[in-house]
$ cat model_19.txt   # compact mmCIF, C-alpha atoms and all ligand atoms
# COMPACT_ATOMS: atom_id res chain seq x y z
CA MET A 120 -96.02 2.94 -63.87
CA ARG A 121 -92.33 3.30 -63.29
CA ALA A 122 -92.50 7.08 -63.69
CA ASN A 123 -95.33 7.04 -61.18
CA ASP A 124 -93.13 5.24 -58.63
CA VAL A 125 -90.36 7.79 -59.06
CA HIS A 126 -92.93 10.50 -58.55
CA ARG A 127 -94.29 8.88 -55.43
CA PHE A 128 -90.82 8.41 -54.04
CA ALA A 129 -89.89 12.02 -54.77
CA ARG A 130 -93.07 13.24 -53.12
CA MET A 131 -92.38 11.10 -50.08
CA ALA A 132 -88.79 12.34 -49.83
CA LEU A 133 -89.98 15.93 -50.15
CA GLY A 134 -92.59 15.30 -47.51
CA LEU A 135 -89.98 13.92 -45.13
CA LEU A 136 -87.71 16.88 -45.80
CA TRP A 137 -90.57 19.24 -45.10
CA LEU A 138 -91.35 17.44 -41.86
CA ALA A 139 -87.72 17.64 -40.80
CA ALA A 140 -87.56 21.34 -41.66
CA ALA A 141 -90.82 21.98 -39.82
CA ALA A 142 -89.54 20.11 -36.77
CA MET A 143 -86.40 22.26 -36.81
CA ALA A 144 -88.31 25.51 -37.21
CA GLN A 145 -90.84 24.53 -34.57
CA PRO A 146 -89.95 26.13 -31.21
CA LYS A 147 -88.91 23.18 -29.07
CA GLU A 148 -90.56 22.76 -25.71
CA ASP A 149 -88.63 24.84 -23.19
CA VAL A 150 -85.81 23.05 -21.43
CA LYS A 151 -85.11 23.12 -17.74
CA LEU A 152 -81.52 24.06 -17.03
CA PRO A 153 -79.61 22.23 -14.29
CA ASN A 154 -78.86 24.59 -11.43
CA SER A 155 -76.82 22.75 -8.77
CA PRO A 156 -73.43 24.22 -7.82
CA GLU A 157 -71.78 21.18 -9.48
CA ASP A 158 -73.61 21.78 -12.77
CA LEU A 159 -72.75 25.48 -12.68
CA ALA A 160 -69.11 24.67 -11.96
CA ARG A 161 -69.00 22.26 -14.93
CA GLY A 162 -70.77 24.81 -17.11
CA LYS A 163 -68.28 27.45 -16.06
CA LYS A 164 -65.35 25.21 -16.90
CA ARG A 165 -66.78 24.54 -20.36
CA TYR A 166 -67.63 28.21 -20.81
CA LEU A 167 -64.10 29.29 -19.93
CA GLY A 168 -62.74 26.76 -22.40
CA SER A 169 -65.06 27.45 -25.33
CA CYS A 170 -66.69 30.85 -24.99
CA THR A 171 -64.34 33.26 -23.17
CA TYR A 172 -62.33 33.95 -26.31
CA CYS A 173 -65.27 35.84 -27.79
CA HIS A 174 -67.59 36.60 -24.88
CA GLY A 175 -65.05 37.42 -22.15
CA PRO A 176 -64.50 35.61 -18.84
CA THR A 177 -67.37 37.45 -17.19
CA GLY A 178 -69.62 37.37 -20.25
CA ASP A 179 -69.52 41.11 -20.82
CA GLY A 180 -68.58 40.51 -24.42
CA GLY A 181 -65.77 41.38 -26.73
CA LYS A 182 -65.70 39.74 -30.08
CA GLY A 183 -69.02 38.14 -29.18
CA ALA A 184 -72.21 39.58 -27.74
CA ASP A 185 -72.56 40.80 -24.15
CA LEU A 186 -74.03 37.78 -22.36
CA SER A 187 -74.26 39.50 -18.98
CA ARG A 188 -77.34 41.44 -19.99
CA GLN A 189 -80.57 40.68 -18.25
CA GLU A 190 -82.29 39.72 -21.48
CA LEU A 191 -80.54 38.09 -24.41
CA VAL A 192 -82.22 39.22 -27.61
CA GLN A 193 -81.82 35.94 -29.45
CA ALA A 194 -82.04 33.69 -26.42
CA LYS A 195 -85.10 34.83 -24.54
CA THR A 196 -86.00 31.32 -23.40
CA ASP A 197 -83.66 28.69 -21.97
CA GLY A 198 -84.62 26.45 -24.89
CA ASP A 199 -83.44 29.10 -27.38
CA LEU A 200 -80.24 29.57 -25.39
CA ALA A 201 -79.44 25.85 -25.41
CA ARG A 202 -80.20 25.65 -29.15
CA ILE A 203 -77.94 28.63 -29.95
CA ILE A 204 -75.10 26.98 -28.04
CA GLU A 205 -75.77 23.65 -29.73
CA VAL A 206 -76.05 24.83 -33.36
CA GLY A 207 -74.54 28.33 -33.26
CA ILE A 208 -76.03 31.27 -35.17
CA PRO A 209 -75.63 30.48 -38.87
CA GLY A 210 -74.12 33.27 -40.92
CA THR A 211 -72.36 34.85 -37.92
CA GLU A 212 -69.16 34.13 -36.05
CA MET A 213 -71.14 32.37 -33.33
CA PRO A 214 -70.02 28.72 -33.75
CA SER A 215 -71.80 25.49 -32.93
CA ALA A 216 -70.60 23.68 -29.81
CA TRP A 217 -70.78 20.40 -31.74
CA HIS A 218 -68.22 18.85 -29.41
CA MET A 219 -70.46 19.13 -26.34
CA THR A 220 -72.99 16.61 -25.11
CA ARG A 221 -76.57 17.78 -24.53
CA ARG A 222 -75.91 17.76 -20.79
CA GLU A 223 -72.84 19.95 -21.20
CA VAL A 224 -74.82 22.33 -23.41
CA THR A 225 -77.45 22.81 -20.69
CA GLN A 226 -74.74 23.26 -18.03
CA VAL A 227 -73.08 25.97 -20.15
CA ALA A 228 -76.51 27.55 -20.70
CA ALA A 229 -77.13 27.56 -16.94
CA TYR A 230 -73.77 29.21 -16.41
CA VAL A 231 -74.54 31.82 -19.09
CA ARG A 232 -77.77 32.65 -17.23
CA SER A 233 -75.79 33.06 -14.00
CA LEU A 234 -73.69 35.75 -15.68
CA ALA A 235 -76.67 38.08 -15.85
CA LYS A 236 -75.75 41.13 -13.84
CA VAL A 237 -79.27 41.85 -12.78
CA ASP A 238 -81.32 38.95 -11.60
CA VAL A 239 -84.67 38.61 -13.27
CA ARG A 240 -86.10 35.98 -10.99
CA ALA A 241 -87.65 37.02 -7.74
CA VAL A 242 -85.51 36.17 -4.72
CA SER A 243 -87.55 34.63 -1.96
CA GLY A 244 -85.43 35.39 1.11
CA ASN A 245 -85.84 38.07 3.75
CA VAL A 246 -83.41 40.97 3.34
CA ALA A 247 -83.41 42.06 7.01
CA ALA A 248 -82.78 38.50 8.22
CA GLY A 249 -79.98 38.23 5.67
CA LYS A 250 -78.36 41.42 6.96
CA ALA A 251 -78.40 39.99 10.48
CA LEU A 252 -76.70 36.81 9.19
CA TYR A 253 -74.07 38.93 7.43
CA GLU A 254 -73.25 40.45 10.80
CA LYS A 255 -73.49 37.20 12.75
CA HIS A 256 -71.07 35.38 10.42
CA ARG A 257 -68.66 38.34 10.34
CA CYS A 258 -68.61 38.64 6.58
CA ALA A 259 -67.39 42.22 7.07
CA GLY A 260 -64.11 40.80 8.37
CA CYS A 261 -63.17 40.18 4.74
CA HIS A 262 -65.62 42.26 2.69
CA THR A 263 -66.13 45.98 2.31
CA LEU A 264 -69.55 47.63 2.08
CA LYS A 265 -70.30 51.26 1.44
CA GLN A 266 -72.77 52.42 4.04
CA ASN A 267 -73.88 56.03 4.40
CA GLY A 268 -71.09 57.03 2.06
CA VAL A 269 -68.37 55.32 4.09
CA PHE A 270 -66.53 52.13 3.14
CA THR A 271 -66.28 49.74 6.06
CA GLY A 272 -64.98 46.19 6.42
CA GLY A 273 -61.99 44.12 5.38
CA TYR A 274 -60.13 43.82 2.12
CA MET A 275 -59.37 40.14 1.78
CA GLY A 276 -62.45 39.54 -0.34
CA PRO A 277 -64.09 41.63 -3.05
CA ASP A 278 -66.02 44.80 -2.27
CA LEU A 279 -69.69 43.80 -2.07
CA SER A 280 -71.23 47.32 -2.18
CA SER A 281 -72.84 46.79 -5.57
CA ILE A 282 -72.66 43.00 -5.83
CA GLY A 283 -76.45 42.82 -6.39
CA MET A 284 -76.04 44.67 -9.69
CA LYS A 285 -73.11 42.64 -10.87
CA ARG A 286 -74.08 39.07 -10.14
CA SER A 287 -77.09 36.87 -10.41
CA ALA A 288 -78.70 35.31 -7.34
CA ALA A 289 -77.51 31.89 -8.56
CA HIS A 290 -73.91 33.08 -8.67
CA LEU A 291 -74.19 34.63 -5.20
CA ARG A 292 -75.63 31.42 -3.79
CA GLU A 293 -72.82 29.47 -5.40
CA SER A 294 -70.23 31.87 -3.94
CA LEU A 295 -71.49 30.99 -0.47
CA VAL A 296 -71.70 27.22 -0.74
CA ASN A 297 -68.83 26.56 -3.13
CA PRO A 298 -66.43 29.54 -3.14
CA PRO A 299 -63.78 28.09 -5.50
CA ALA A 300 -66.39 27.67 -8.26
CA SER A 301 -66.89 31.44 -8.42
CA LEU A 302 -63.33 32.69 -7.88
CA PRO A 303 -63.17 36.14 -9.50
CA GLU A 304 -59.84 36.97 -11.20
CA GLY A 305 -57.75 38.85 -8.70
CA PHE A 306 -58.67 36.45 -5.91
CA VAL A 307 -56.81 33.34 -6.93
CA PRO A 308 -54.84 32.00 -3.94
CA THR A 309 -51.18 32.12 -4.86
CA ARG A 310 -47.91 31.31 -3.17
CA ALA A 311 -44.64 32.85 -4.25
CA VAL A 312 -41.12 31.99 -3.10
CA THR A 313 -38.27 34.42 -3.72
CA VAL A 314 -34.86 33.33 -4.91
CA ALA A 315 -33.67 34.19 -1.38
CA GLY A 316 -36.17 31.66 -0.02
CA LYS A 317 -38.85 33.96 1.43
CA ALA A 318 -42.42 32.67 0.95
CA ILE A 319 -45.48 34.94 0.55
CA GLU A 320 -49.04 33.70 0.46
CA GLY A 321 -51.94 35.75 -0.72
CA VAL A 322 -54.10 36.39 -3.75
CA ARG A 323 -52.79 37.18 -7.19
CA VAL A 324 -53.61 40.78 -8.05
CA HIS A 325 -51.61 40.91 -11.26
CA GLU A 326 -49.34 38.67 -13.25
CA ASP A 327 -47.56 39.19 -16.56
CA THR A 328 -44.39 38.07 -18.28
CA PHE A 329 -42.17 40.24 -16.11
CA ALA A 330 -43.91 40.87 -12.82
CA VAL A 331 -46.17 39.33 -10.21
CA VAL A 332 -48.19 41.27 -7.64
CA LEU A 333 -49.60 39.46 -4.64
CA ARG A 334 -51.77 40.82 -1.85
CA ASP A 335 -51.19 39.06 1.43
CA PHE A 336 -54.02 38.25 3.82
CA ALA A 337 -53.30 41.37 5.86
CA GLY A 338 -54.07 43.47 2.77
CA ASN A 339 -50.49 44.49 1.83
CA ASN A 340 -49.41 44.35 -1.81
CA HIS A 341 -46.07 42.79 -2.74
CA SER A 342 -44.67 43.20 -6.24
CA TYR A 343 -41.84 41.12 -7.58
CA LEU A 344 -39.96 40.84 -10.80
CA ARG A 345 -40.32 37.33 -12.08
CA LYS A 346 -36.57 36.89 -12.18
CA ASP A 347 -36.47 37.39 -8.40
CA LEU A 348 -38.92 34.56 -7.80
CA LYS A 349 -38.11 30.91 -8.00
CA GLU A 350 -41.68 29.72 -7.62
CA VAL A 351 -45.23 31.04 -8.22
CA THR A 352 -48.07 28.62 -7.66
CA ALA A 353 -51.69 29.60 -8.20
CA ASP A 354 -54.31 27.27 -6.83
CA ARG A 355 -57.77 27.67 -8.35
CA SER A 356 -59.15 24.72 -6.45
CA ARG A 357 -59.36 26.55 -3.15
CA SER A 358 -60.60 29.94 -2.07
CA PRO A 359 -59.59 32.12 0.88
CA MET A 360 -63.31 32.30 1.60
CA PRO A 361 -64.74 29.58 3.86
CA SER A 362 -67.67 27.59 2.46
CA TYR A 363 -70.99 28.11 4.22
CA GLN A 364 -72.36 24.79 2.99
CA GLY A 365 -73.86 23.13 6.05
CA LYS A 366 -73.30 26.23 8.20
CA LEU A 367 -76.40 27.97 6.86
CA ASN A 368 -79.70 26.17 6.49
CA ALA A 369 -81.85 26.58 3.37
CA THR A 370 -83.84 29.52 4.76
CA GLU A 371 -80.73 31.31 5.98
CA LEU A 372 -79.11 30.84 2.60
CA ASP A 373 -82.15 32.36 0.88
CA ASP A 374 -82.11 35.29 3.32
CA LEU A 375 -78.40 35.96 2.86
CA VAL A 376 -78.72 35.77 -0.95
CA ALA A 377 -81.67 38.20 -0.80
CA TYR A 378 -79.55 40.60 1.25
CA LEU A 379 -76.65 40.37 -1.22
CA VAL A 380 -79.01 40.93 -4.16
CA SER A 381 -80.25 44.09 -2.39
CA LEU A 382 -76.72 45.59 -2.31
CA LYS A 383 -76.91 48.00 -5.22
CA GLU A 384 -74.73 50.94 -4.35
CA PRO A 385 -74.31 52.81 -7.67
CA LEU A 386 -70.85 52.40 -9.23
CA GLN A 387 -69.12 55.67 -9.93
C1 LIG B 1 -65.59 32.84 -32.42
C2 LIG B 1 -66.34 33.69 -31.50
C3 LIG B 1 -67.42 33.09 -30.64
C4 LIG B 1 -67.35 31.99 -29.81
C5 LIG B 1 -66.15 31.08 -29.57
C6 LIG B 1 -68.63 31.91 -29.15
N1 LIG B 1 -69.46 32.91 -29.58
FE1 LIG B 1 -71.35 33.26 -28.98
N2 LIG B 1 -71.53 34.77 -30.28
C7 LIG B 1 -70.52 35.24 -31.10
C8 LIG B 1 -71.01 36.33 -31.91
C9 LIG B 1 -70.21 37.12 -32.94
C10 LIG B 1 -72.38 36.50 -31.58
C11 LIG B 1 -73.37 37.48 -32.18
C12 LIG B 1 -73.96 36.82 -33.39
C13 LIG B 1 -74.92 37.73 -34.13
O1 LIG B 1 -74.42 38.52 -34.92
O2 LIG B 1 -76.11 37.61 -33.90
C14 LIG B 1 -72.67 35.50 -30.55
C15 LIG B 1 -73.91 35.35 -29.97
C16 LIG B 1 -74.17 34.52 -28.90
C17 LIG B 1 -75.43 34.43 -28.21
C18 LIG B 1 -76.69 35.25 -28.49
C19 LIG B 1 -76.64 36.53 -27.69
C20 LIG B 1 -77.91 37.35 -27.71
O3 LIG B 1 -77.82 38.53 -27.40
O4 LIG B 1 -78.98 36.82 -28.00
C21 LIG B 1 -75.27 33.52 -27.20
C22 LIG B 1 -76.30 33.11 -26.19
C23 LIG B 1 -73.91 33.02 -27.30
N3 LIG B 1 -73.27 33.64 -28.35
C24 LIG B 1 -73.36 32.09 -26.44
C25 LIG B 1 -72.10 31.50 -26.62
C26 LIG B 1 -71.59 30.43 -25.80
C27 LIG B 1 -72.28 29.86 -24.59
C28 LIG B 1 -70.38 30.08 -26.33
C29 LIG B 1 -69.46 28.97 -25.89
C30 LIG B 1 -70.03 27.64 -25.94
C31 LIG B 1 -70.11 30.96 -27.45
N4 LIG B 1 -71.19 31.81 -27.59
C32 LIG B 1 -68.96 30.94 -28.22
C33 LIG B 1 -69.23 34.76 -31.14
C34 LIG B 1 -68.75 33.65 -30.49
C1 LIG B 2 -61.87 34.81 5.40
C2 LIG B 2 -62.38 35.84 4.54
C3 LIG B 2 -63.80 35.76 4.05
C4 LIG B 2 -64.96 35.62 4.79
C5 LIG B 2 -65.11 35.44 6.28
C6 LIG B 2 -66.05 35.72 3.85
N1 LIG B 2 -65.57 35.89 2.59
FE1 LIG B 2 -66.67 36.11 0.90
N2 LIG B 2 -65.00 36.06 -0.23
C7 LIG B 2 -63.70 36.07 0.27
C8 LIG B 2 -62.77 36.00 -0.84
C9 LIG B 2 -61.26 35.99 -0.74
C10 LIG B 2 -63.56 35.97 -2.02
C11 LIG B 2 -63.07 35.89 -3.48
C12 LIG B 2 -62.76 34.46 -3.82
C13 LIG B 2 -63.99 33.60 -4.13
O1 LIG B 2 -64.95 34.08 -4.75
O2 LIG B 2 -63.97 32.43 -3.74
C14 LIG B 2 -64.96 36.01 -1.59
C15 LIG B 2 -66.04 36.02 -2.44
C16 LIG B 2 -67.34 36.29 -2.06
C17 LIG B 2 -68.43 36.52 -2.96
C18 LIG B 2 -68.36 36.50 -4.49
C19 LIG B 2 -68.00 37.87 -4.99
C20 LIG B 2 -67.97 37.95 -6.49
O3 LIG B 2 -67.56 39.00 -7.01
O4 LIG B 2 -68.37 37.00 -7.17
C21 LIG B 2 -69.55 36.76 -2.19
C22 LIG B 2 -70.94 37.06 -2.67
C23 LIG B 2 -69.13 36.66 -0.81
N3 LIG B 2 -67.79 36.37 -0.78
C24 LIG B 2 -69.99 36.83 0.26
C25 LIG B 2 -69.61 36.54 1.59
C26 LIG B 2 -70.55 36.50 2.69
C27 LIG B 2 -72.03 36.82 2.60
C28 LIG B 2 -69.83 36.12 3.79
C29 LIG B 2 -70.33 35.86 5.18
C30 LIG B 2 -71.35 34.84 5.31
C31 LIG B 2 -68.44 35.97 3.37
N4 LIG B 2 -68.35 36.22 2.03
C32 LIG B 2 -67.39 35.64 4.21
C33 LIG B 2 -63.34 36.10 1.60
C34 LIG B 2 -64.21 35.92 2.65

$ encode --input "model_19.txt" --output "structure tokens"
Amino acid sequence: MRANDVHRFARMALGLLWLAAAAMAQPKEDVKLPNSPEDLARGKKRYLGSCTYCHGPTGDGGKGADLSRQELVQAKTDGDLARIIEVGIPGTEMPSAWHMTRREVTQVAAYVRSLAKVDVRAVSGNVAAGKALYEKHRCAGCHTLKQNGVFTGGYMGPDLSSIGMKRSAAHLRESLVNPPASLPEGFVPTRAVTVAGKAIEGVRVHEDTFAVVLRDFAGNNHSYLRKDLKEVTADRSRSPMPSYQGKLNATELDDLVAYLVSLKEPLQ
């Protein structure tokens, strides 16, 4: 009788274990990743803090896998992606983000998806209408495009000739409505003051232990030895690019994003 009880208990415990294992092995229903600029900005912050070390600031890999590929082999669905971030990949260097809440995990996952260089989702906007908006809003005042083999436009912002190959539609949309959230390295607004008291404002092109190179808003580079500067302040919270939030309606935003996605001048 007693032995029977032990048996029953053991069977029950085994059964529960099996259920738990089955639940873990079972593909979970796919999750919907948050996609607002705020969520992406939070995800980016977390990503830069926890993932850059191995996957690189732009996700193109290093110690860890290249996350900027269009399809992630082990994270084909968003559910898989969130689970990999949450529990890691056992037996590899890919750690579990045990310190993140579920919400943070999905924000990081959304940011990882935005790193994809080639967008997999269809973009709904109208390319021709987007091109007209690009001209109307004078984007070329700050951005260069290669057209018919010739580079035209300004230099204050990044070259956009092949931006459609490098960035996802979500990232491009974010760049327009919340520029500081997508600040590429090399475009961080920085102010330097020389020992002699001269102030230069521009973007930080390079910075190391000994030297700082700034490009002013007229496009001229200034290099300084650190010892000749009494102050260097980088400000990641603002961007030299104006936000188009509220200046473009939803349709216009779609059209402009579609135009940017279409810019796929081959890199040489
Ligand atoms: C200590 C280094 C390290 C850190 C930190 C790290 N990873 Fe990884 N990650 C790896 C390695 C190594 C792999 C490849 C594992 C394998 O061999 O399958 C990987 C794989 C992945 C994959 C699967 C890629 C594919 O092609 O399917 C994803 C997704 C991923 N990591 C996301 C993240 C995210 C997001 C973070 C931050 C929360 C992060 N990783 C932090 C090392 C790291
Ligand atoms: C006053 C100059 C200025 C104007 C005008 C401007 N931009 Fe920018 N743009 C920048 C700078 C500087 C950056 C880099 C900093 C950042 O991403 O916030 C940038 C970044 C971007 C990026 C992100 C690039 C990347 O590599 O992630 C896109 C896309 C972009 N701009 C598109 C546009 C479009 C489209 C317009 C017109 C509607 C426009 N910009 C108008 C200066 C400008």

$ closest_residue --input "model_19.txt" --among "A:Asn339, A:Thr309, A:Ser381, A:Asn297" --to "A:Tyr363" --atoms "only C-alpha atoms"
A:Asn297

$ residues_around --input "model_19.txt" --residues "stretch 177-194 of chain A" --least-positions-apart "2" --cutoff "6 Å" --atoms "only C-alpha atoms" --output "VMD selection string"
chain A and resid 173 to 175 196 199 to 200 234 to 237

$ residues_near_ligand --input "model_19.txt" --ligand "ligand LIG 2 (chain B)" --cutoff "6 Å" --atoms "all atoms listed in the file" --output "list of chain:residue names"
A:Tyr253, A:His256, A:Arg257, A:Cys258, A:Gly260, A:Cys261, A:Met275, A:Gly276, A:Pro277, A:Leu291, A:Ser294, A:Pro298, A:Pro299, A:Ser301, A:Leu302, A:Pro303, A:Phe306, A:Ser358, A:Pro359, A:Met360

$ closest_residue --input "model_19.txt" --among "A:Asp347, A:Tyr172, A:Arg334, A:Gly283" --to "A:Glu212" --atoms "only C-alpha atoms"
A:Tyr172

$ atom_distance --input "model_19.txt" --atom1 "atom CA of A:Asp197" --atom2 "atom CA of A:Arg232"
8.5 Å

$ atom_distance --input "model_19.txt" --atom1 "atom CA of A:Phe329" --atom2 "atom CA of A:Arg345"
5.3 Å
